[in-house]
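**Student:** One structure, as structure tokens, below. Some questions next.
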Amino acid sequence: MIGLGAVYLFAGLVFGAVAALSARDATNPKRWANASFWGLFASSFLLGDRLGDFGNGLLVLAMVVVAGTVGLGIGRPSTTAPEERRALSHRFGNRLFVPALAIPTVTLIGSFTLKDIVVGGTPLFDPGQATLISLALGVTIALFLTRTMLRQPMLAAFQEGRKLMDLLGWAALLPQMLAALGAVFALAGVGAAVGDLAAQAIPSDNRFAAVAAYTVGMAVFTAIMGNAFAAFPVMTAGIGLPLIVMKYGGDPAIMSAIGMLAGFCGTLTTPMAANFNLVPAALLGLQDRYAVIKAQIPTALMVLLANTVLMYALVFRF
Amino acid sequence: MIDAEHMLPLLGVAVVVLGFVARINPLLVVMAAAIVSGLAGGLDLVGVISAFGKAFNENRYVSVSWLVLPVIGALERAGLQERARDLIVQIRAASVFSILCLYLLIRQVAVAIGLTSLGGQATMVRPLIAPMAEAAGEAKLGALPGSTHDSIRAQAAAAENVGLFFGEDIFVAIGSILLIKGFLEQNGVIVQPLELSVWAIPTAIVAFMIHATRLYLFDRRLMRDSRASAAEKARA
């Protein structure tokens, strides 16, 4: 059965190529830092299951030390000049969109259909990992289309990929690091501590105060943890169920649905949600790493207010 | 009621907040926060590093999305961003507002019916949506300073996030809806996913109206700024 192992092997080979190309790039004064960083990243994908927990921990620590003390440079492989790009874009026209749209299209179709492919009585692809397998498949097909339709050499794809990976730098590792931090926080009892603090702080004397404590608490706790999924069980067990549902007779479905969306308002405001907020700033080459968050904060606050009013208006009515 | 020892792991949260505010390398901040929280929560150093390593290894799937970067890079090398710009310049009605507002709407509706993978910061925003919005801005307002390019790009990334967050819960099979259902079930409340996802619709509508209004005001401010700087140049 083709599963996550195959996807990680593919990812390890791609990141390994990025590391090798970094090592050969004499124009990058920090080429050895980049090569070790991406090389360790590749090893995590290739060998992670054999290194053991402590070994994996040391691997992360080494990556953090390289990126945090030596720092990563940005490789600048030779590429097409702006005039060449304009000329190429005229020549290829809308064909350029075909590989670009092939990735989401294949991912989408694959995530619905891969699980139904059965060979000799067993599914060919791990049904639980259909989306990730489809994404890897989509990338492979798109690379092939780029090669055949647009005649871009395979090496150029890896060089351009390296340039974008270097543009991300530490931001490429941050989402995975934060997911790991969340696990350590849970183990250390951070969630329980925040929940107790919140339960101490709520004014429980009227319905609106209880609703506001729940929605604002969801947003703040989500901003701290970077993830509404971590906040929801704690806040709902601490405030939502005992006060809004049990004491004031609110509807649990409405409360939970709007409460989760109040948490998403917190996600829009926090660097802890790195893949949504810091990664795009790096990918788009923005000067201010918090520029995307700043663009989102007014919307987040207004939607949070709206969620509070909506929940108060709806939760006791149905 | 609250004893100090129970609260000690919160020191890790403090490390995160201070580290991000001081703009220290975020990888160092996260590692330090994990070590502080873990030690405060009763683990030893080897235990913390092992726990972190285990969770890091289990979450590798988070980083699989970078596999799209070689494709996006190769397409950009062949002129994808230029093509996206040309398309927009041909549409005379296109403006920063109309492009980002339309993307917000399409993104929200698409994820609401479960088409979550038709979008994303690396696959759509960087190669297509951001260049389109910048091209529309330049077509209407002439050459723009770098800071304005940055703010248009930041708005493109924000439109993607707002559309995704306030559309996805309308779809019944999304992770957050299943999480809610599972959690309520553990607490003895049985709800169907559809009962949850319909109540995501009011917020989705309000969020669209709020963010679309903000995009409109953003576009108007761009126009005002560019007129002001043109007037200044004429005076000089």
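To be explicit about the labels: the chains of the structure tokens are called A, B, and onward in the order shown, and within each one the residues are counted from 1, while ligands get numbers from 1 in the order they are shown.
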Name the residues in contact with region 152-163 of chain B at a cut-off of 8 Å, using only C-alpha atoms, excluding same-chain residues fewer than 4 positions from it; report them as a PyMOL selection string.
**Tutor:** (chain A and resi 268+276+280-281+284+286+291-293+295-296) or (chain B and resi 96+100-101+103-105+107-108+119-121+125+129-131+133-134+148+167+207-208+211+215)
**Student:** Kindly save the residues from that selection, with N, CA and C atoms included, as an mmCIF file, in the first residue's frame.
**Tutor:**
```
data_model
loop_
_atom_site.group_PDB
_atom_site.id
_atom_site.type_symbol
_atom_site.label_atom_id
_atom_site.label_comp_id
_atom_site.auth_asym_id
_atom_site.auth_seq_id
_atom_site.Cartn_x
_atom_site.Cartn_y
_atom_site.Cartn_z
ATOM 1 N N LEU A 268 -6.102 34.846 13.185
ATOM 2 C CA LEU A 268 -5.707 35.906 12.239
ATOM 3 C C LEU A 268 -4.730 36.896 12.847
ATOM 4 N N PHE A 276 -0.141 30.536 8.307
ATOM 5 C CA PHE A 276 -1.087 31.479 7.715
ATOM 6 C C PHE A 276 -0.543 32.902 7.701
ATOM 7 N N PRO A 280 3.342 33.512 4.514
ATOM 8 C CA PRO A 280 3.043 34.343 3.340
ATOM 9 C C PRO A 280 3.876 35.623 3.301
ATOM 10 N N ALA A 281 4.143 36.227 4.474
ATOM 11 C CA ALA A 281 4.970 37.437 4.480
ATOM 12 C C ALA A 281 6.348 37.125 3.908
ATOM 13 N N LEU A 284 6.047 36.315 0.041
ATOM 14 C CA LEU A 284 5.787 37.490 -0.786
ATOM 15 C C LEU A 284 6.911 38.515 -0.669
ATOM 16 N N LEU A 286 7.855 40.386 1.905
ATOM 17 C CA LEU A 286 7.481 41.633 2.575
ATOM 18 C C LEU A 286 8.563 42.068 3.560
ATOM 19 N N ALA A 291 3.445 42.049 8.550
ATOM 20 C CA ALA A 291 2.565 42.865 7.695
ATOM 21 C C ALA A 291 1.211 42.193 7.451
ATOM 22 N N VAL A 292 1.197 40.867 7.287
ATOM 23 C CA VAL A 292 -0.072 40.179 7.018
ATOM 24 C C VAL A 292 -0.967 40.234 8.261
ATOM 25 N N ILE A 293 -0.360 40.045 9.426
ATOM 26 C CA ILE A 293 -1.129 40.126 10.672
ATOM 27 C C ILE A 293 -1.737 41.519 10.818
ATOM 28 N N ALA A 295 -2.532 43.566 8.518
ATOM 29 C CA ALA A 295 -3.632 43.735 7.566
ATOM 30 C C ALA A 295 -4.896 43.027 8.043
ATOM 31 N N GLN A 296 -4.739 42.019 8.917
ATOM 32 C CA GLN A 296 -5.894 41.202 9.316
ATOM 33 C C GLN A 296 -6.526 41.631 10.638
ATOM 34 N N VAL B 96 -7.679 46.861 -7.525
ATOM 35 C CA VAL B 96 -7.212 46.088 -6.377
ATOM 36 C C VAL B 96 -8.421 45.546 -5.623
ATOM 37 N N LEU B 100 -9.302 41.445 -5.316
ATOM 38 C CA LEU B 100 -9.196 40.796 -4.005
ATOM 39 C C LEU B 100 -10.565 40.428 -3.455
ATOM 40 N N CYS B 101 -11.566 41.256 -3.743
ATOM 41 C CA CYS B 101 -12.910 40.958 -3.262
ATOM 42 C C CYS B 101 -13.459 39.719 -3.974
ATOM 43 N N TYR B 103 -11.641 37.311 -5.275
ATOM 44 C CA TYR B 103 -10.909 36.146 -4.765
ATOM 45 C C TYR B 103 -11.445 35.724 -3.401
ATOM 46 N N LEU B 104 -11.703 36.716 -2.543
ATOM 47 C CA LEU B 104 -12.269 36.426 -1.222
ATOM 48 C C LEU B 104 -13.568 35.642 -1.369
ATOM 49 N N LEU B 105 -14.434 36.106 -2.270
ATOM 50 C CA LEU B 105 -15.739 35.460 -2.472
ATOM 51 C C LEU B 105 -15.577 34.038 -3.010
ATOM 52 N N ARG B 107 -12.967 32.098 -2.898
ATOM 53 C CA ARG B 107 -12.287 31.244 -1.916
ATOM 54 C C ARG B 107 -13.273 30.777 -0.851
ATOM 55 N N GLN B 108 -14.088 31.725 -0.367
ATOM 56 C CA GLN B 108 -15.031 31.398 0.696
ATOM 57 C C GLN B 108 -16.068 30.376 0.218
ATOM 58 N N GLY B 119 -6.591 26.559 -3.580
ATOM 59 C CA GLY B 119 -6.147 27.865 -3.114
ATOM 60 C C GLY B 119 -4.900 27.683 -2.309
ATOM 61 N N GLY B 120 -4.481 28.725 -1.618
ATOM 62 C CA GLY B 120 -3.294 28.597 -0.786
ATOM 63 C C GLY B 120 -2.312 29.719 -1.067
ATOM 64 N N GLN B 121 -1.478 29.990 -0.049
ATOM 65 C CA GLN B 121 -0.540 31.107 -0.158
ATOM 66 C C GLN B 121 0.539 30.826 -1.197
ATOM 67 N N VAL B 125 -1.726 32.615 -4.119
ATOM 68 C CA VAL B 125 -1.502 34.026 -3.787
ATOM 69 C C VAL B 125 -0.186 34.536 -4.365
ATOM 70 N N ILE B 129 -2.543 35.704 -7.486
ATOM 71 C CA ILE B 129 -3.443 36.735 -6.958
ATOM 72 C C ILE B 129 -2.695 38.026 -6.623
ATOM 73 N N ALA B 130 -1.544 37.901 -5.930
ATOM 74 C CA ALA B 130 -0.796 39.105 -5.571
ATOM 75 C C ALA B 130 -0.319 39.864 -6.821
ATOM 76 N N PRO B 131 0.291 39.183 -7.824
ATOM 77 C CA PRO B 131 0.684 39.931 -9.030
ATOM 78 C C PRO B 131 -0.509 40.564 -9.756
ATOM 79 N N ALA B 133 -3.332 41.670 -8.383
ATOM 80 C CA ALA B 133 -3.768 42.849 -7.636
ATOM 81 C C ALA B 133 -2.782 44.001 -7.834
ATOM 82 N N GLU B 134 -1.479 43.682 -7.838
ATOM 83 C CA GLU B 134 -0.481 44.734 -8.053
ATOM 84 C C GLU B 134 -0.609 45.323 -9.450
ATOM 85 N N THR B 148 3.920 50.391 -1.136
ATOM 86 C CA THR B 148 2.540 50.137 -1.578
ATOM 87 C C THR B 148 2.420 48.729 -2.143
ATOM 88 N N GLY B 167 -15.041 30.354 5.708
ATOM 89 C CA GLY B 167 -15.827 29.554 4.782
ATOM 90 C C GLY B 167 -15.814 28.082 5.154
ATOM 91 N N ALA B 207 -18.492 38.209 7.978
ATOM 92 C CA ALA B 207 -17.055 38.338 7.735
ATOM 93 C C ALA B 207 -16.796 38.810 6.312
ATOM 94 N N PHE B 208 -17.568 38.286 5.346
ATOM 95 C CA PHE B 208 -17.383 38.742 3.967
ATOM 96 C C PHE B 208 -17.688 40.233 3.855
ATOM 97 N N HIS B 211 -14.877 42.294 5.560
ATOM 98 C CA HIS B 211 -13.585 42.314 4.875
ATOM 99 C C HIS B 211 -13.686 42.974 3.504
ATOM 100 N N LEU B 215 -11.537 46.099 2.147
ATOM 101 C CA LEU B 215 -10.789 46.095 0.887
ATOM 102 C C LEU B 215 -11.157 47.317 0.055
#
```
**Student:** According to DSSP computed on the backbone, where in region 7-225 of chain B is there alpha helix (DSSP H)? Give the residues as an mmCIF file with C-alpha atoms, in the first residue's frame.
**Tutor:**
```
data_model
loop_
_atom_site.group_PDB
_atom_site.id
_atom_site.type_symbol
_atom_site.label_atom_id
_atom_site.label_comp_id
_atom_site.auth_asym_id
_atom_site.auth_seq_id
_atom_site.Cartn_x
_atom_site.Cartn_y
_atom_site.Cartn_z
ATOM 1 C CA MET B 7 0.832 27.812 36.728
ATOM 2 C CA LEU B 11 6.364 30.599 31.603
ATOM 3 C CA GLY B 12 6.728 28.992 28.177
ATOM 4 C CA VAL B 13 3.895 31.179 26.869
ATOM 5 C CA ALA B 14 5.689 34.232 28.294
ATOM 6 C CA VAL B 15 8.869 33.184 26.467
ATOM 7 C CA VAL B 16 6.920 32.998 23.196
ATOM 8 C CA VAL B 17 5.294 36.413 23.635
ATOM 9 C CA LEU B 18 8.524 38.165 24.641
ATOM 10 C CA GLY B 19 10.556 36.414 21.929
ATOM 11 C CA PHE B 20 8.123 37.339 19.157
ATOM 12 C CA VAL B 21 7.822 40.942 20.376
ATOM 13 C CA PRO B 26 11.419 32.405 16.000
ATOM 14 C CA LEU B 27 13.029 28.958 15.877
ATOM 15 C CA LEU B 28 15.152 29.842 18.933
ATOM 16 C CA VAL B 29 12.070 31.284 20.641
ATOM 17 C CA VAL B 30 9.988 28.152 20.073
ATOM 18 C CA MET B 31 12.765 25.810 21.214
ATOM 19 C CA ALA B 32 13.381 27.909 24.343
ATOM 20 C CA ALA B 33 9.663 28.011 25.110
ATOM 21 C CA ALA B 34 9.392 24.227 24.801
ATOM 22 C CA ILE B 35 12.359 23.697 27.142
ATOM 23 C CA VAL B 36 11.088 26.220 29.722
ATOM 24 C CA SER B 37 7.531 24.838 29.725
ATOM 25 C CA GLY B 38 8.682 21.230 29.747
ATOM 26 C CA LEU B 39 11.085 21.727 32.672
ATOM 27 C CA ALA B 40 8.445 23.725 34.564
ATOM 28 C CA LEU B 45 15.963 18.038 29.621
ATOM 29 C CA VAL B 46 16.288 14.703 27.795
ATOM 30 C CA GLY B 47 12.545 14.220 28.270
ATOM 31 C CA VAL B 48 11.721 17.610 26.748
ATOM 32 C CA ILE B 49 13.997 17.103 23.754
ATOM 33 C CA SER B 50 12.564 13.624 23.192
ATOM 34 C CA ALA B 51 8.975 14.864 23.459
ATOM 35 C CA PHE B 52 9.750 17.686 21.035
ATOM 36 C CA GLY B 53 11.515 15.331 18.635
ATOM 37 C CA LYS B 54 8.635 12.857 18.724
ATOM 38 C CA ALA B 55 6.030 15.536 18.003
ATOM 39 C CA PHE B 56 8.254 17.107 15.318
ATOM 40 C CA ASN B 57 8.564 13.752 13.575
ATOM 41 C CA GLU B 58 4.821 13.082 13.788
ATOM 42 C CA LEU B 69 7.691 25.357 -4.538
ATOM 43 C CA PRO B 70 9.844 23.825 -7.341
ATOM 44 C CA VAL B 71 6.784 23.840 -9.646
ATOM 45 C CA ILE B 72 5.801 27.404 -8.747
ATOM 46 C CA GLY B 73 9.420 28.537 -9.150
ATOM 47 C CA ALA B 74 9.801 26.879 -12.554
ATOM 48 C CA LEU B 75 6.530 28.443 -13.746
ATOM 49 C CA GLU B 76 7.627 31.867 -12.539
ATOM 50 C CA ARG B 77 10.882 31.344 -14.427
ATOM 51 C CA LEU B 80 3.707 32.958 -14.966
ATOM 52 C CA GLN B 81 3.539 36.187 -12.937
ATOM 53 C CA GLU B 82 3.911 38.273 -16.118
ATOM 54 C CA ARG B 83 1.071 36.346 -17.760
ATOM 55 C CA ALA B 84 -1.160 36.866 -14.715
ATOM 56 C CA ARG B 85 -0.441 40.608 -14.863
ATOM 57 C CA ASP B 86 -1.160 40.832 -18.607
ATOM 58 C CA LEU B 87 -4.524 39.140 -18.161
ATOM 59 C CA ILE B 88 -5.558 41.707 -15.573
ATOM 60 C CA VAL B 89 -4.341 44.757 -17.469
ATOM 61 C CA GLN B 90 -6.638 43.746 -20.346
ATOM 62 C CA VAL B 96 -7.212 46.088 -6.377
ATOM 63 C CA PHE B 97 -10.628 46.011 -4.725
ATOM 64 C CA SER B 98 -12.437 44.031 -7.426
ATOM 65 C CA ILE B 99 -9.703 41.383 -7.706
ATOM 66 C CA LEU B 100 -9.196 40.796 -4.005
ATOM 67 C CA CYS B 101 -12.910 40.958 -3.262
ATOM 68 C CA LEU B 102 -13.663 38.448 -6.028
ATOM 69 C CA TYR B 103 -10.909 36.146 -4.765
ATOM 70 C CA LEU B 104 -12.269 36.426 -1.222
ATOM 71 C CA LEU B 105 -15.739 35.460 -2.472
ATOM 72 C CA ILE B 106 -14.550 32.569 -4.665
ATOM 73 C CA ARG B 107 -12.287 31.244 -1.916
ATOM 74 C CA GLN B 108 -15.031 31.398 0.696
ATOM 75 C CA VAL B 109 -17.626 29.690 -1.518
ATOM 76 C CA ALA B 110 -15.127 27.047 -2.705
ATOM 77 C CA VAL B 111 -14.067 25.983 0.793
ATOM 78 C CA ALA B 112 -17.701 26.078 1.931
ATOM 79 C CA ALA B 130 -0.796 39.105 -5.571
ATOM 80 C CA PRO B 131 0.684 39.931 -9.030
ATOM 81 C CA MET B 132 -2.842 40.422 -10.411
ATOM 82 C CA ALA B 133 -3.768 42.849 -7.636
ATOM 83 C CA GLU B 134 -0.481 44.734 -8.053
ATOM 84 C CA ALA B 135 -0.974 44.943 -11.824
ATOM 85 C CA ALA B 136 -4.497 46.277 -11.386
ATOM 86 C CA GLY B 137 -3.183 48.878 -8.954
ATOM 87 C CA GLU B 138 -0.462 49.985 -11.374
ATOM 88 C CA ALA B 139 -2.863 50.078 -14.328
ATOM 89 C CA LYS B 140 -5.154 52.439 -12.417
ATOM 90 C CA LEU B 141 -2.617 54.492 -10.461
ATOM 91 C CA GLY B 146 7.719 49.508 -2.911
ATOM 92 C CA SER B 147 5.848 50.042 0.343
ATOM 93 C CA THR B 148 2.540 50.137 -1.578
ATOM 94 C CA HIS B 149 3.444 46.905 -3.371
ATOM 95 C CA ASP B 150 4.075 45.350 0.043
ATOM 96 C CA SER B 151 0.740 46.495 1.414
ATOM 97 C CA ILE B 152 -1.175 45.177 -1.646
ATOM 98 C CA ARG B 153 0.584 41.814 -1.288
ATOM 99 C CA ALA B 154 -0.209 41.690 2.432
ATOM 100 C CA GLN B 155 -3.880 42.323 1.588
ATOM 101 C CA ALA B 156 -3.821 39.484 -0.944
ATOM 102 C CA ALA B 157 -2.500 37.101 1.726
ATOM 103 C CA ALA B 158 -5.132 38.377 4.181
ATOM 104 C CA ALA B 159 -7.971 37.803 1.680
ATOM 105 C CA GLU B 160 -6.853 34.185 1.338
ATOM 106 C CA ASN B 161 -6.868 33.648 5.115
ATOM 107 C CA VAL B 162 -10.185 35.394 5.784
ATOM 108 C CA GLY B 163 -11.868 33.502 2.942
ATOM 109 C CA LEU B 164 -10.506 30.178 4.171
ATOM 110 C CA PHE B 165 -11.252 30.633 7.881
ATOM 111 C CA PHE B 166 -14.794 31.926 7.538
ATOM 112 C CA GLY B 167 -15.827 29.554 4.782
ATOM 113 C CA GLU B 168 -14.455 26.175 5.846
ATOM 114 C CA GLY B 175 -11.605 19.035 10.698
ATOM 115 C CA SER B 176 -12.975 21.681 13.047
ATOM 116 C CA ILE B 177 -16.589 20.524 12.650
ATOM 117 C CA LEU B 178 -15.550 16.927 13.340
ATOM 118 C CA LEU B 179 -13.561 18.083 16.376
ATOM 119 C CA ILE B 180 -16.599 19.899 17.786
ATOM 120 C CA LYS B 181 -18.836 16.894 17.160
ATOM 121 C CA GLY B 182 -16.370 14.565 18.869
ATOM 122 C CA PHE B 183 -15.863 16.848 21.848
ATOM 123 C CA LEU B 184 -19.583 17.394 22.416
ATOM 124 C CA GLU B 185 -20.177 13.658 22.133
ATOM 125 C CA GLN B 186 -17.626 13.013 24.903
ATOM 126 C CA PRO B 193 -22.319 17.940 11.571
ATOM 127 C CA LEU B 194 -25.007 19.737 9.565
ATOM 128 C CA GLU B 195 -26.498 21.252 12.745
ATOM 129 C CA LEU B 196 -23.077 22.792 13.396
ATOM 130 C CA SER B 197 -22.188 23.912 9.918
ATOM 131 C CA ILE B 201 -23.240 30.728 7.789
ATOM 132 C CA PRO B 202 -24.190 33.976 9.634
ATOM 133 C CA THR B 203 -20.549 34.620 10.579
ATOM 134 C CA ALA B 204 -19.439 33.799 7.028
ATOM 135 C CA ILE B 205 -21.757 36.466 5.606
ATOM 136 C CA VAL B 206 -20.781 39.067 8.196
ATOM 137 C CA ALA B 207 -17.055 38.338 7.735
ATOM 138 C CA PHE B 208 -17.383 38.742 3.967
ATOM 139 C CA MET B 209 -19.160 42.078 4.325
ATOM 140 C CA ILE B 210 -16.630 43.373 6.853
ATOM 141 C CA HIS B 211 -13.585 42.314 4.875
ATOM 142 C CA ALA B 212 -15.004 43.430 1.509
ATOM 143 C CA THR B 213 -15.700 46.868 3.008
ATOM 144 C CA ARG B 214 -12.154 47.041 4.326
ATOM 145 C CA LEU B 215 -10.789 46.095 0.887
ATOM 146 C CA TYR B 216 -12.897 48.862 -0.669
ATOM 147 C CA LEU B 217 -11.558 51.401 1.829
ATOM 148 C CA PHE B 218 -8.019 50.118 1.234
ATOM 149 C CA ASP B 219 -8.395 50.676 -2.524
ATOM 150 C CA ARG B 220 -9.777 54.180 -1.938
ATOM 151 C CA ARG B 221 -6.847 55.016 0.324
ATOM 152 C CA LEU B 222 -4.425 53.834 -2.392
ATOM 153 C CA MET B 223 -6.126 56.186 -4.861
ATOM 154 C CA ARG B 224 -6.014 59.106 -2.423
ATOM 155 C CA ASP B 225 -2.343 58.497 -1.625
#
```
**Student:** Tell me, counting only C-alpha atoms, for each residue of region 248-306 of chain A within 12 Å of region 204-228 of chain A, which pair of atoms is nearest and how far apart they are in Å to one decimal, in rows ordered by chain and increasing number, as a Markdown table.
**Tutor:**
```
| residue | atom | partner | partner_atom | distance |
| --- | --- | --- | --- | --- |
| A:Tyr248 | CA | A:Arg207 | CA | 6.8 |
| A:Gly249 | CA | A:Arg207 | CA | 9.9 |
| A:Gly250 | CA | A:Arg207 | CA | 9.4 |
| A:Asp251 | CA | A:Val211 | CA | 12.0 |
| A:Ile254 | CA | A:Val211 | CA | 11.7 |
| A:Met255 | CA | A:Val211 | CA | 8.7 |
| A:Ser256 | CA | A:Thr215 | CA | 10.0 |
| A:Ala257 | CA | A:Thr215 | CA | 11.0 |
| A:Ile258 | CA | A:Thr215 | CA | 8.2 |
| A:Gly259 | CA | A:Thr215 | CA | 5.7 |
| A:Met260 | CA | A:Ala228 | CA | 6.7 |
| A:Leu261 | CA | A:Ala228 | CA | 8.5 |
| A:Ala262 | CA | A:Thr215 | CA | 5.4 |
| A:Gly263 | CA | A:Ala219 | CA | 4.3 |
| A:Phe264 | CA | A:Ala228 | CA | 6.2 |
| A:Cys265 | CA | A:Ala219 | CA | 5.9 |
| A:Gly266 | CA | A:Ala219 | CA | 4.1 |
| A:Thr267 | CA | A:Ala223 | CA | 5.6 |
| A:Leu268 | CA | A:Ala223 | CA | 8.1 |
| A:Thr269 | CA | A:Ala223 | CA | 6.6 |
| A:Thr270 | CA | A:Ala223 | CA | 5.2 |
| A:Pro271 | CA | A:Gly226 | CA | 7.5 |
| A:Met272 | CA | A:Gly226 | CA | 4.3 |
| A:Ala273 | CA | A:Gly226 | CA | 4.5 |
| A:Ala274 | CA | A:Gly226 | CA | 7.9 |
| A:Asn275 | CA | A:Gly226 | CA | 9.9 |
| A:Phe276 | CA | A:Gly226 | CA | 10.0 |
| A:Asn277 | CA | A:Gly226 | CA | 10.3 |
| A:Leu278 | CA | A:Gly226 | CA | 11.8 |
| A:Ile293 | CA | A:Ala223 | CA | 11.5 |
| A:Ile297 | CA | A:Ala223 | CA | 11.7 |
| A:Ala300 | CA | A:Ala219 | CA | 9.3 |
| A:Leu301 | CA | A:Ala219 | CA | 9.5 |
| A:Met302 | CA | A:Val216 | CA | 12.0 |
| A:Val303 | CA | A:Thr215 | CA | 10.8 |
| A:Leu304 | CA | A:Thr215 | CA | 7.3 |
| A:Leu305 | CA | A:Thr215 | CA | 8.7 |
| A:Ala306 | CA | A:Thr215 | CA | 10.2 |
```
**Student:** Nearest residue to chain A out of B:Ala4, B:Val68, B:Ala231, B:Ile91, using only C-alpha atoms?
**Tutor:**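 Among the listed residues, the smallest separation from chain A belongs to B:Val68.
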**Student:** Would you list the contacts of Asp25 (chain A) as a short mmCIF file (atom, residue, chain, number, x, y, z; two decimals) with N, CA and C atoms, in the first residue's frame, taking every protein, DNA or RNA residue within 12 Å and counting only C-alpha atoms, but skipping same-chain residues closer than 6 positions in sequence?
**Tutor:**
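Writing the result to selection_7.cif gives the following:
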```cif
data_model
loop_
_atom_site.label_atom_id
_atom_site.label_comp_id
_atom_site.auth_asym_id
_atom_site.auth_seq_id
_atom_site.Cartn_x
_atom_site.Cartn_y
_atom_site.Cartn_z
N VAL A 18 17.73 20.22 -2.79
CA VAL A 18 17.90 21.63 -2.40
C VAL A 18 19.19 21.79 -1.60
N ALA A 19 19.46 20.84 -0.68
CA ALA A 19 20.68 20.91 0.13
C ALA A 19 21.93 20.79 -0.76
N ARG A 31 26.62 29.35 2.30
CA ARG A 31 26.11 28.15 1.63
C ARG A 31 26.17 26.91 2.50
N TRP A 32 27.19 26.82 3.40
CA TRP A 32 27.28 25.61 4.23
C TRP A 32 26.20 25.57 5.28
N ALA A 33 25.80 26.78 5.77
CA ALA A 33 24.67 26.82 6.71
C ALA A 33 23.40 26.34 6.00
N ASN A 34 23.16 26.88 4.80
CA ASN A 34 21.96 26.46 4.06
C ASN A 34 21.99 24.97 3.76
N ALA A 35 23.18 24.49 3.33
CA ALA A 35 23.28 23.07 2.97
C ALA A 35 23.01 22.19 4.19
N GLY A 73 21.61 32.07 4.58
CA GLY A 73 21.72 33.03 3.49
C GLY A 73 20.64 32.76 2.46
N ILE A 74 20.60 33.58 1.42
CA ILE A 74 19.64 33.35 0.35
C ILE A 74 20.41 33.06 -0.93
N GLY A 75 20.21 31.83 -1.44
CA GLY A 75 20.88 31.46 -2.68
C GLY A 75 20.25 32.20 -3.85
N ARG A 76 21.08 32.63 -4.78
CA ARG A 76 20.54 33.30 -5.97
C ARG A 76 21.02 32.58 -7.22
N PRO A 77 20.39 31.42 -7.51
CA PRO A 77 20.77 30.70 -8.73
C PRO A 77 20.44 31.56 -9.96
N SER A 78 21.20 31.37 -11.03
CA SER A 78 20.94 32.17 -12.24
C SER A 78 19.56 31.80 -12.76
N GLN A 159 16.38 24.41 -8.81
CA GLN A 159 17.06 25.67 -8.47
C GLN A 159 16.06 26.74 -8.04
N ARG A 162 14.73 25.92 -4.71
CA ARG A 162 15.71 26.28 -3.69
C ARG A 162 15.64 27.77 -3.37
N LYS A 163 15.49 28.59 -4.42
CA LYS A 163 15.42 30.04 -4.19
C LYS A 163 14.22 30.37 -3.30
#
```
**Student:** At what distance in Å, to one decimal, does CA of Phe232 (chain A) lie from CA of Val198 (chain B)?
**Tutor:**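 Taking CA of Val198 (chain B) and CA of Phe232 (chain A), their separation equals 18.6 Å.
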**Student:** Measure the distance from CA of Ala237 (chain A) to CA of Asp169 (chain B) in Å and round it to one decimal.
**Tutor:**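 Computed distance, CA of Ala237 (chain A) to CA of Asp169 (chain B), equals 20.6 Å.
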**Student:** Using only C-alpha atoms, find the one residue out of B:Leu10, B:Ala230, B:Val172, B:Ile190 that sits nearest to chain A.
**Tutor:** B:Leu10
**Student:** So which one's closest to chain A, B:Ala173, B:Leu144, B:Asp44, B:Ala200? Using only C-alpha atoms, please.
**Tutor:**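 Ranking B:Ala173, B:Leu144, B:Asp44, B:Ala200 by distance to chain A, first place goes to B:Ala200.
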**Student:** Looking at only C-alpha atoms, which of A:Val194, A:Leu135, A:Leu168, A:Leu143 is the one that sits closest to Trp38 (chain A)?
**Tutor:**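 Smallest distance to Trp38 (chain A) is found for A:Leu168.
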**Student:** With only C-alpha atoms as the basis for distance, which of B:Ser229, B:Phe171, B:Arg92, B:Ala122 is at the shortest distance from chain A?
**Tutor:**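 Going through B:Ser229, B:Phe171, B:Arg92, B:Ala122 one by one, the smallest distance to chain A is for B:Ala122.
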**Student:** Counting only C-alpha atoms, which residue out of A:Trp170, A:Ser44, A:Met235, A:Ala188 sits closest to Val64 (chain A)?
**Tutor:** A:Trp170
